[in-house]
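Structure below is run_32.cif: mmCIF, C-alpha atoms and all ligand atoms.
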```
data_query
loop_
_atom_site.group_PDB
_atom_site.id
_atom_site.type_symbol
_atom_site.label_atom_id
_atom_site.label_comp_id
_atom_site.auth_asym_id
_atom_site.auth_seq_id
_atom_site.Cartn_x
_atom_site.Cartn_y
_atom_site.Cartn_z
ATOM 1 C CA MET A 1 6.748 31.127 4.366
ATOM 2 C CA ALA A 2 3.550 29.177 4.713
ATOM 3 C CA LYS A 3 3.925 25.465 5.226
ATOM 4 C CA LYS A 4 3.089 23.320 2.246
ATOM 5 C CA LEU A 5 0.804 20.300 2.400
ATOM 6 C CA THR A 6 3.733 18.011 1.635
ATOM 7 C CA ASP A 7 5.771 19.538 4.505
ATOM 8 C CA GLU A 8 3.025 18.452 6.856
ATOM 9 C CA LEU A 9 2.002 15.101 5.378
ATOM 10 C CA LEU A 10 4.203 12.281 4.120
ATOM 11 C CA LEU A 11 2.101 12.359 0.965
ATOM 12 C CA GLY A 12 3.068 10.553 -2.227
ATOM 13 C CA GLY A 13 1.618 8.902 -5.291
ATOM 14 C CA HIS A 14 2.153 5.861 -7.438
ATOM 15 C CA VAL A 15 4.467 6.948 -10.271
ATOM 16 C CA SER A 16 5.652 5.380 -13.504
ATOM 17 C CA THR A 17 9.116 3.891 -14.009
ATOM 18 C CA SER A 18 8.979 4.137 -17.784
ATOM 19 C CA GLY A 19 12.293 5.078 -19.342
ATOM 20 C CA GLY A 20 14.184 3.723 -16.311
ATOM 21 C CA ILE A 21 13.519 3.125 -12.643
ATOM 22 C CA TYR A 22 15.835 6.059 -11.730
ATOM 23 C CA LYS A 23 13.346 8.453 -13.347
ATOM 24 C CA SER A 24 10.662 7.774 -10.738
ATOM 25 C CA PRO A 25 12.035 10.076 -7.961
ATOM 26 C CA ASP A 26 11.947 13.022 -10.409
ATOM 27 C CA ARG A 27 8.351 12.200 -11.257
ATOM 28 C CA ALA A 28 7.408 12.231 -7.559
ATOM 29 C CA ASN A 29 9.343 15.442 -6.992
ATOM 30 C CA VAL A 30 7.173 17.244 -9.566
ATOM 31 C CA PHE A 31 4.449 17.222 -6.885
ATOM 32 C CA SER A 32 6.857 18.002 -3.996
ATOM 33 C CA PHE A 33 6.157 14.502 -2.685
ATOM 34 C CA ARG A 34 8.545 13.163 -0.045
ATOM 35 C CA THR A 35 7.556 9.568 -0.763
ATOM 36 C CA TYR A 36 6.016 7.557 -3.591
ATOM 37 C CA GLN A 37 5.222 4.069 -4.864
ATOM 38 C CA ILE A 38 6.403 2.134 -7.921
ATOM 39 C CA PHE A 39 6.223 -1.296 -9.491
ATOM 40 C CA SER A 40 9.797 -2.569 -9.578
ATOM 41 C CA LYS A 41 8.945 -4.767 -12.577
ATOM 42 C CA ASN A 42 6.108 -5.131 -15.078
ATOM 43 C CA GLN A 43 3.216 -5.965 -12.737
ATOM 44 C CA MET A 44 1.389 -8.036 -15.354
ATOM 45 C CA GLN A 45 4.312 -10.355 -16.097
ATOM 46 C CA TRP A 46 5.997 -13.110 -14.109
ATOM 47 C CA LYS A 47 9.458 -12.500 -15.470
ATOM 48 C CA ALA A 48 11.615 -9.510 -14.633
ATOM 49 C CA LYS A 49 14.747 -8.120 -16.241
ATOM 50 C CA GLU A 50 17.721 -7.990 -13.869
ATOM 51 C CA LEU A 51 18.237 -4.580 -12.269
ATOM 52 C CA ASP A 52 21.208 -2.735 -13.726
ATOM 53 C CA ASN A 53 23.870 -1.583 -11.229
ATOM 54 C CA GLY A 54 24.142 1.847 -12.812
ATOM 55 C CA ASP A 55 20.361 2.308 -12.730
ATOM 56 C CA VAL A 56 20.197 1.343 -9.059
ATOM 57 C CA GLU A 57 22.936 3.840 -8.214
ATOM 58 C CA LYS A 58 21.211 6.648 -10.136
ATOM 59 C CA PHE A 59 17.907 5.721 -8.470
ATOM 60 C CA GLN A 60 19.396 5.938 -4.973
ATOM 61 C CA ASP A 61 21.248 9.198 -5.717
ATOM 62 C CA SER A 62 18.045 10.777 -6.949
ATOM 63 C CA ASN A 63 16.111 9.619 -3.862
ATOM 64 C CA ARG A 64 18.742 11.199 -1.619
ATOM 65 C CA GLN A 65 18.737 14.403 -3.639
ATOM 66 C CA HIS A 66 14.952 14.736 -3.372
ATOM 67 C CA ASN A 67 14.810 13.585 0.274
ATOM 68 C CA MET A 68 12.500 10.701 -0.509
ATOM 69 C CA ASN A 69 11.801 8.218 2.259
ATOM 70 C CA LYS A 70 9.535 5.348 3.219
ATOM 71 C CA ILE A 71 9.118 4.502 -0.451
ATOM 72 C CA MET A 72 6.847 1.602 -1.404
ATOM 73 C CA VAL A 73 7.114 -1.055 -4.045
ATOM 74 C CA HIS A 74 3.769 -2.540 -5.039
ATOM 75 C CA ALA A 75 4.084 -6.255 -5.816
ATOM 76 C CA SER A 76 2.694 -7.763 -9.010
ATOM 77 C CA TYR A 77 -1.067 -8.324 -9.162
ATOM 78 C CA LEU A 78 -0.419 -11.856 -10.428
ATOM 79 C CA LEU A 79 0.821 -13.092 -7.065
ATOM 80 C CA ASN A 80 -1.848 -15.089 -5.266
ATOM 81 C CA MET A 81 -0.114 -16.168 -2.083
ATOM 82 C CA CYS A 82 -3.301 -17.996 -1.008
ATOM 83 C CA THR A 83 -3.145 -20.569 -3.777
ATOM 84 C CA SER A 84 -2.979 -24.273 -2.988
ATOM 85 C CA LYS A 85 -2.258 -25.428 -6.570
ATOM 86 C CA PRO A 86 1.214 -26.982 -6.191
ATOM 87 C CA ASP A 87 2.779 -25.787 -9.466
ATOM 88 C CA LEU A 88 1.323 -22.292 -9.175
ATOM 89 C CA ARG A 89 2.424 -22.148 -5.545
ATOM 90 C CA GLU A 90 6.080 -22.676 -6.520
ATOM 91 C CA LYS A 91 5.824 -20.003 -9.198
ATOM 92 C CA VAL A 92 4.166 -17.527 -6.842
ATOM 93 C CA MET A 93 6.725 -18.021 -4.092
ATOM 94 C CA GLU A 94 9.615 -17.622 -6.503
ATOM 95 C CA ALA A 95 8.103 -14.422 -7.883
ATOM 96 C CA PHE A 96 7.497 -13.107 -4.369
ATOM 97 C CA SER A 97 11.104 -13.826 -3.383
ATOM 98 C CA ILE A 98 12.222 -11.873 -6.449
ATOM 99 C CA GLU A 99 10.010 -8.950 -5.413
ATOM 100 C CA ILE A 100 11.652 -8.958 -1.958
ATOM 101 C CA ALA A 101 15.157 -9.172 -3.430
ATOM 102 C CA ARG A 102 14.498 -6.284 -5.828
ATOM 103 C CA THR A 103 13.014 -4.114 -3.070
ATOM 104 C CA ASP A 104 16.096 -4.748 -0.912
ATOM 105 C CA ARG A 105 18.465 -4.141 -3.798
ATOM 106 C CA LEU A 106 16.810 -0.771 -4.455
ATOM 107 C CA GLY A 107 17.093 0.093 -0.758
ATOM 108 C CA ILE A 108 13.318 0.575 -0.466
ATOM 109 C CA ASP A 109 11.596 0.203 2.909
ATOM 110 C CA TYR A 110 8.225 -1.311 2.020
ATOM 111 C CA LEU A 111 6.863 -3.990 -0.272
ATOM 112 C CA THR A 112 3.054 -3.858 -0.423
ATOM 113 C CA PHE A 113 0.995 -6.764 -1.702
ATOM 114 C CA HIS A 114 -2.607 -7.946 -1.916
ATOM 115 C CA PRO A 115 -3.171 -11.015 0.293
ATOM 116 C CA GLY A 116 -4.773 -12.910 -2.612
ATOM 117 C CA SER A 117 -7.957 -14.858 -3.172
ATOM 118 C CA ALA A 118 -9.581 -18.091 -2.092
ATOM 119 C CA SER A 119 -10.708 -19.431 -5.458
ATOM 120 C CA GLY A 120 -12.010 -22.973 -5.096
ATOM 121 C CA ILE A 121 -10.954 -23.294 -1.452
ATOM 122 C CA THR A 122 -12.332 -22.077 1.864
ATOM 123 C CA GLU A 123 -11.214 -18.797 3.390
ATOM 124 C CA LYS A 124 -9.632 -20.738 6.236
ATOM 125 C CA GLU A 125 -7.553 -22.809 3.823
ATOM 126 C CA ALA A 126 -6.581 -19.657 1.935
ATOM 127 C CA ILE A 127 -5.324 -17.994 5.114
ATOM 128 C CA SER A 128 -3.428 -21.104 6.094
ATOM 129 C CA ASN A 129 -1.761 -21.240 2.634
ATOM 130 C CA LEU A 130 -0.935 -17.554 2.824
ATOM 131 C CA VAL A 131 0.734 -17.980 6.221
ATOM 132 C CA ASP A 132 2.745 -21.022 5.038
ATOM 133 C CA ASN A 133 3.854 -19.310 1.849
ATOM 134 C CA MET A 134 4.823 -16.106 3.626
ATOM 135 C CA ASN A 135 6.834 -17.996 6.225
ATOM 136 C CA LYS A 136 8.732 -19.688 3.400
ATOM 137 C CA VAL A 137 9.636 -16.506 1.516
ATOM 138 C CA ILE A 138 10.384 -14.175 4.443
ATOM 139 C CA LYS A 139 13.983 -14.424 5.558
ATOM 140 C CA PRO A 140 15.451 -13.016 8.800
ATOM 141 C CA GLU A 141 18.111 -11.157 6.787
ATOM 142 C CA GLN A 142 15.502 -9.430 4.624
ATOM 143 C CA LYS A 143 15.676 -5.630 4.995
ATOM 144 C CA CYS A 144 12.311 -4.461 3.678
ATOM 145 C CA THR A 145 9.035 -4.725 5.562
ATOM 146 C CA ILE A 146 6.196 -6.464 3.762
ATOM 147 C CA LEU A 147 2.886 -4.618 3.981
ATOM 148 C CA MET A 148 -0.292 -6.656 3.656
ATOM 149 C CA GLU A 149 -2.931 -4.472 2.062
ATOM 150 C CA ILE A 150 -6.502 -4.643 3.313
ATOM 151 C CA SER A 151 -8.747 -5.741 0.442
ATOM 152 C CA ALA A 152 -12.157 -4.447 -0.610
ATOM 153 C CA GLY A 153 -13.538 -7.972 -0.231
ATOM 154 C CA GLN A 154 -14.345 -8.249 -3.924
ATOM 155 C CA GLY A 155 -15.151 -11.814 -5.058
ATOM 156 C CA SER A 156 -13.207 -14.315 -2.993
ATOM 157 C CA THR A 157 -10.367 -11.956 -2.038
ATOM 158 C CA VAL A 158 -8.867 -12.493 1.386
ATOM 159 C CA GLY A 159 -8.099 -9.847 3.996
ATOM 160 C CA HIS A 160 -11.000 -7.415 3.981
ATOM 161 C CA THR A 161 -11.399 -7.473 7.770
ATOM 162 C CA PHE A 162 -8.895 -6.571 10.478
ATOM 163 C CA GLU A 163 -9.617 -9.944 12.111
ATOM 164 C CA GLU A 164 -8.600 -11.823 8.962
ATOM 165 C CA LEU A 165 -5.388 -9.826 8.663
ATOM 166 C CA ALA A 166 -4.722 -10.465 12.359
ATOM 167 C CA ALA A 167 -5.216 -14.210 11.795
ATOM 168 C CA VAL A 168 -2.493 -14.073 9.128
ATOM 169 C CA MET A 169 -0.229 -11.980 11.339
ATOM 170 C CA ASP A 170 -0.652 -14.515 14.153
ATOM 171 C CA GLY A 171 0.864 -17.241 11.996
ATOM 172 C CA ILE A 172 3.870 -15.231 10.800
ATOM 173 C CA GLN A 173 7.201 -16.231 12.330
ATOM 174 C CA GLU A 174 9.196 -13.079 11.461
ATOM 175 C CA LYS A 175 6.553 -10.704 12.817
ATOM 176 C CA ASN A 176 8.794 -7.628 12.654
ATOM 177 C CA LYS A 177 9.057 -8.080 8.851
ATOM 178 C CA VAL A 178 5.302 -7.754 8.264
ATOM 179 C CA ALA A 179 2.918 -4.836 8.778
ATOM 180 C CA ILE A 180 -0.268 -3.404 7.244
ATOM 181 C CA CYS A 181 -1.128 -0.988 4.445
ATOM 182 C CA MET A 182 -4.603 0.501 4.788
ATOM 183 C CA ASP A 183 -6.194 1.475 1.490
ATOM 184 C CA THR A 184 -8.947 3.984 2.305
ATOM 185 C CA CYS A 185 -11.053 2.943 -0.716
ATOM 186 C CA HIS A 186 -10.801 -0.753 0.159
ATOM 187 C CA THR A 187 -11.535 -0.180 3.859
ATOM 188 C CA TRP A 188 -14.653 1.796 2.968
ATOM 189 C CA ALA A 189 -15.797 -0.704 0.313
ATOM 190 C CA ALA A 190 -15.210 -3.509 2.834
ATOM 191 C CA GLY A 191 -17.819 -1.838 5.041
ATOM 192 C CA TYR A 192 -15.922 0.124 7.708
ATOM 193 C CA ASP A 193 -17.338 3.545 8.538
ATOM 194 C CA ILE A 194 -14.400 5.873 8.098
ATOM 195 C CA LYS A 195 -16.450 8.832 6.895
ATOM 196 C CA THR A 196 -17.898 10.184 10.128
ATOM 197 C CA PRO A 197 -15.447 11.208 12.863
ATOM 198 C CA GLU A 198 -17.166 8.756 15.259
ATOM 199 C CA GLY A 199 -17.027 5.887 12.766
ATOM 200 C CA TYR A 200 -13.403 6.664 11.988
ATOM 201 C CA GLY A 201 -12.553 6.664 15.697
ATOM 202 C CA GLU A 202 -14.269 3.321 16.222
ATOM 203 C CA THR A 203 -12.626 1.804 13.145
ATOM 204 C CA MET A 204 -9.167 2.850 14.312
ATOM 205 C CA ASP A 205 -9.893 1.568 17.833
ATOM 206 C CA ARG A 206 -10.866 -1.763 16.311
ATOM 207 C CA PHE A 207 -7.698 -1.785 14.231
ATOM 208 C CA ASN A 208 -5.721 -1.104 17.374
ATOM 209 C CA SER A 209 -7.329 -3.910 19.340
ATOM 210 C CA THR A 210 -6.945 -6.494 16.546
ATOM 211 C CA LEU A 211 -3.619 -5.574 14.923
ATOM 212 C CA GLY A 212 -2.119 -2.719 16.949
ATOM 213 C CA ILE A 213 -1.950 0.825 15.572
ATOM 214 C CA GLY A 214 1.870 0.551 15.394
ATOM 215 C CA LYS A 215 1.449 -2.056 12.649
ATOM 216 C CA LEU A 216 -0.159 0.549 10.396
ATOM 217 C CA LYS A 217 2.911 1.482 8.333
ATOM 218 C CA GLY A 218 1.322 2.788 5.152
ATOM 219 C CA PHE A 219 -1.829 4.156 3.556
ATOM 220 C CA HIS A 220 -3.151 4.106 0.046
ATOM 221 C CA LEU A 221 -5.127 7.314 -0.016
ATOM 222 C CA ASN A 222 -7.968 6.871 -2.483
ATOM 223 C CA ASP A 223 -11.583 7.906 -2.787
ATOM 224 C CA SER A 224 -14.082 5.238 -3.868
ATOM 225 C CA LYS A 225 -16.453 5.106 -6.844
ATOM 226 C CA LYS A 226 -18.728 2.604 -5.085
ATOM 227 C CA GLY A 227 -20.452 2.919 -1.743
ATOM 228 C CA ARG A 228 -19.585 1.745 1.749
ATOM 229 C CA GLY A 229 -19.888 -2.048 1.982
ATOM 230 C CA SER A 230 -20.123 -2.475 -1.817
ATOM 231 C CA ARG A 231 -17.042 -4.748 -1.720
ATOM 232 C CA VAL A 232 -16.082 -3.319 -5.107
ATOM 233 C CA ASP A 233 -12.519 -2.081 -5.627
ATOM 234 C CA ARG A 234 -12.854 1.051 -7.799
ATOM 235 C CA HIS A 235 -10.671 4.006 -6.887
ATOM 236 C CA GLU A 236 -11.774 7.602 -7.441
ATOM 237 C CA GLN A 237 -10.000 10.983 -7.353
ATOM 238 C CA ILE A 238 -9.780 12.525 -3.877
ATOM 239 C CA GLY A 239 -13.053 14.243 -2.946
ATOM 240 C CA LEU A 240 -15.005 13.034 -5.974
ATOM 241 C CA GLY A 241 -16.154 9.662 -4.640
ATOM 242 C CA THR A 242 -18.524 8.267 -2.042
ATOM 243 C CA LEU A 243 -15.944 8.560 0.768
ATOM 244 C CA GLY A 244 -15.507 12.218 -0.095
ATOM 245 C CA LEU A 245 -13.455 14.921 1.556
ATOM 246 C CA ASP A 246 -15.170 14.194 4.906
ATOM 247 C CA GLY A 247 -13.705 10.707 4.941
ATOM 248 C CA ILE A 248 -10.270 11.681 3.628
ATOM 249 C CA SER A 249 -10.130 14.484 6.218
ATOM 250 C CA ASN A 250 -10.170 11.949 9.082
ATOM 251 C CA PHE A 251 -6.950 10.384 7.803
ATOM 252 C CA VAL A 252 -4.962 13.451 6.797
ATOM 253 C CA ASN A 253 -5.779 15.217 10.058
ATOM 254 C CA ASP A 254 -4.920 12.295 12.336
ATOM 255 C CA ARG A 255 -1.655 13.397 13.965
ATOM 256 C CA ARG A 256 -0.680 9.802 14.763
ATOM 257 C CA PHE A 257 -0.004 9.279 11.066
ATOM 258 C CA ARG A 258 2.120 12.333 10.236
ATOM 259 C CA ASP A 259 5.146 10.120 9.502
ATOM 260 C CA VAL A 260 3.237 7.314 7.814
ATOM 261 C CA PRO A 261 3.377 7.400 4.001
ATOM 262 C CA MET A 262 0.037 8.203 2.321
ATOM 263 C CA ILE A 263 0.173 7.121 -1.309
ATOM 264 C CA LEU A 264 -2.333 8.293 -3.915
ATOM 265 C CA GLU A 265 -3.456 5.583 -6.366
ATOM 266 C CA THR A 266 -6.205 7.614 -7.971
ATOM 267 C CA PRO A 267 -7.369 6.664 -11.497
ATOM 268 C CA LYS A 268 -5.801 9.576 -13.405
ATOM 269 C CA GLY A 269 -2.387 8.829 -11.927
ATOM 270 C CA GLU A 270 0.196 11.564 -12.421
ATOM 271 C CA GLU A 271 -2.331 13.536 -14.504
ATOM 272 C CA GLY A 272 -4.614 13.864 -11.500
ATOM 273 C CA TYR A 273 -2.335 14.322 -8.482
ATOM 274 C CA GLY A 274 -2.332 18.132 -8.879
ATOM 275 C CA GLN A 275 -6.104 18.139 -8.452
ATOM 276 C CA ASP A 276 -5.935 15.616 -5.573
ATOM 277 C CA ILE A 277 -3.385 17.813 -3.772
ATOM 278 C CA GLU A 278 -5.596 20.860 -4.254
ATOM 279 C CA ASN A 279 -8.534 19.015 -2.703
ATOM 280 C CA ILE A 280 -6.516 17.724 0.254
ATOM 281 C CA SER A 281 -5.227 21.281 0.793
ATOM 282 C CA LYS A 282 -8.829 22.387 1.374
ATOM 283 C CA ILE A 283 -9.275 20.069 4.347
ATOM 284 C CA ILE A 284 -5.858 19.771 5.978
ATOM 285 C CA ARG A 285 -5.395 21.571 9.272
ATOM 286 C CA ILE A 286 -1.802 22.802 9.478
ATOM 287 C CA ASP A 287 -0.315 24.334 12.616
ATOM 288 C CA GLU A 288 1.839 27.267 11.571
HETATM 289 ZN ZN ZN B 301 -4.089 0.172 -2.814
HETATM 290 ZN ZN ZN B 302 -7.666 -0.971 -5.038
#
```

Take the structure I supplied and represent it as structure tokens, if you would.
Ligand SMILES: [Zn+2]
Ligand SMILES: [Zn+2]
Amino acid sequence: MAKKLTDELLLGGHVSTSGGIYKSPDRANVFSFRTYQIFSKNQMQWKAKELDNGDVEKFQDSNRQHNMNKIMVHASYLLNMCTSKPDLREKVMEAFSIEIARTDRLGIDYLTFHPGSASGITEKEAISNLVDNMNKVIKPEQKCTILMEISAGQGSTVGHTFEELAAVMDGIQEKNKVAICMDTCHTWAAGYDIKTPEGYGETMDRFNSTLGIGKLKGFHLNDSKKGRGSRVDRHEQIGLGTLGLDGISNFVNDRRFRDVPMILETPKGEEGYGQDIENISKIIRIDE
């Protein structure tokens, strides 16, 4: 039997948890995914309902049944770990600790978050706040790995260059608890050439020399509505954006990343993954 795309790639997508968190593995399995991403709580709210023991058990059973691994939780968009406002800082750190605890409780490997933004402060101050806050919330006994996601550089967001992410990493005490998630749309919008094979090679070399390729533990696989260097974060369906199938092809055919989760966060969500998979199937080179 011919190998399927999802046999070759650790491809997944962001899926809904509506109706119960334990329903998400089934939703990912519809696409034969072996991994996926969820929000473990309402991403637009600070508060979260306690996880129910029965739900957690059903969730883990279903993951085992469907052979899901290297699952990601995406942290709430409200968390700005760069903030220096004292009251907000407390609130953010508490919410981040809850995100970590929930990820561990669910037995999930990765918690991905956006580094935040430097509103009203310098980028240097923002990075220093981020490092301090992360060092306070990361505990040695924590099981999950926190993935810092490269940003598109929109507005005053922090972390759109490998050097900036490396500066954060430098300050982290529990270095083995933190790694990087590369969003292909953000990386492109931030200005890196990942479309031509040469540009892609140079970009990955630069990643390796600043952060180390082993720190690249996850991808968000998205096309981009806006152009290279636009610094605008607008995802597009695979193959329909300015990065295009040429750009996506560099990632899905890089054998170094065969066991690294590649998560679709394309605008149509579960409605569009079928089409995304079809487009990736056109460019993937599979050894039979
Ligand atoms: Zn992303
Ligand atoms: Zn994005």

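Closest approach to ligand ZN 301 (chain B) among A:Gly239, A:Gly227, A:Pro86, A:Pro115 is made by A:Pro115 (distances from all atoms listed in the file).
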
- Hey, which residues come within 12 Å of ligand ZN 302 (chain B) if we count all atoms listed in the file? Could you give them as a PyMOL selection string? chain A and resi 74+77+113-114+149-154+157+160+181-190+219-226+231-236+263-267

- Query: If we count only C-alpha atoms, what is near Tyr22 of chain A at a cut-off of 7 Å, once residues fewer than 3 positions away on the same chain are taken out, given as JSON, numbers by chain?
  - Reply: {"A": [25, 55, 56, 58, 59]}

- Tell me which residues the PyMOL selection byres (((chain A and resi 34) around 7) and not hetatm) grabs here, as an MDAnalysis selection string. chainID A and resid 10:12 32:33 35 67:69

Could you tell me, as a JSON list (two decimals) with C-alpha atoms, in the coordinates of the input, exactly which residues end up selected when the PyMOL selection byres (((chain A and resi 85) around 12) and not hetatm) is applied to this structure?
```
[["chain", "number", "residue", "atom", "x", "y", "z"],
["A", 80, "ASN", "CA", -1.85, -15.09, -5.27],
["A", 81, "MET", "CA", -0.11, -16.17, -2.08],
["A", 82, "CYS", "CA", -3.30, -18.00, -1.01],
["A", 83, "THR", "CA", -3.14, -20.57, -3.78],
["A", 84, "SER", "CA", -2.98, -24.27, -2.99],
["A", 86, "PRO", "CA", 1.21, -26.98, -6.19],
["A", 87, "ASP", "CA", 2.78, -25.79, -9.47],
["A", 88, "LEU", "CA", 1.32, -22.29, -9.18],
["A", 89, "ARG", "CA", 2.42, -22.15, -5.54],
["A", 90, "GLU", "CA", 6.08, -22.68, -6.52],
["A", 91, "LYS", "CA", 5.82, -20.00, -9.20],
["A", 92, "VAL", "CA", 4.17, -17.53, -6.84],
["A", 93, "MET", "CA", 6.72, -18.02, -4.09],
["A", 118, "ALA", "CA", -9.58, -18.09, -2.09],
["A", 119, "SER", "CA", -10.71, -19.43, -5.46],
["A", 120, "GLY", "CA", -12.01, -22.97, -5.10],
["A", 121, "ILE", "CA", -10.95, -23.29, -1.45],
["A", 125, "GLU", "CA", -7.55, -22.81, 3.82],
["A", 126, "ALA", "CA", -6.58, -19.66, 1.94],
["A", 129, "ASN", "CA", -1.76, -21.24, 2.63]]
```

- Quick one: residues within 7 Å of (1.1, 9.6, -15.0) (file frame), counting all atoms listed in the file, please, as a ChimeraX atom specification. /A:15-16,269-271

- Which polymer residues have any atom within 12 Å of an atom of Glu50 of chain A, counting only C-alpha atoms, with same-chain residues fewer than 4 positions away left out, as a ChimeraX atom specification? /A:21,40-41,54-56,98-99,101-102,105-106

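The shortest atom-to-atom distance to Lys3 of chain A, with all atoms listed in the file taken into account, belongs to A:Asp287 out of A:Asp287, A:Asp276, A:Asp26, A:Glu123.
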
- Message: I need the output of the PyMOL selection byres (((chain A and resi 277-284) around 10) and not hetatm) for this file as a PyMOL selection string; which residues are they?
- Response: chain A and resi 4-6+8-9+11-12+31+237-240+245-246+248-254+264+272-276+285-287
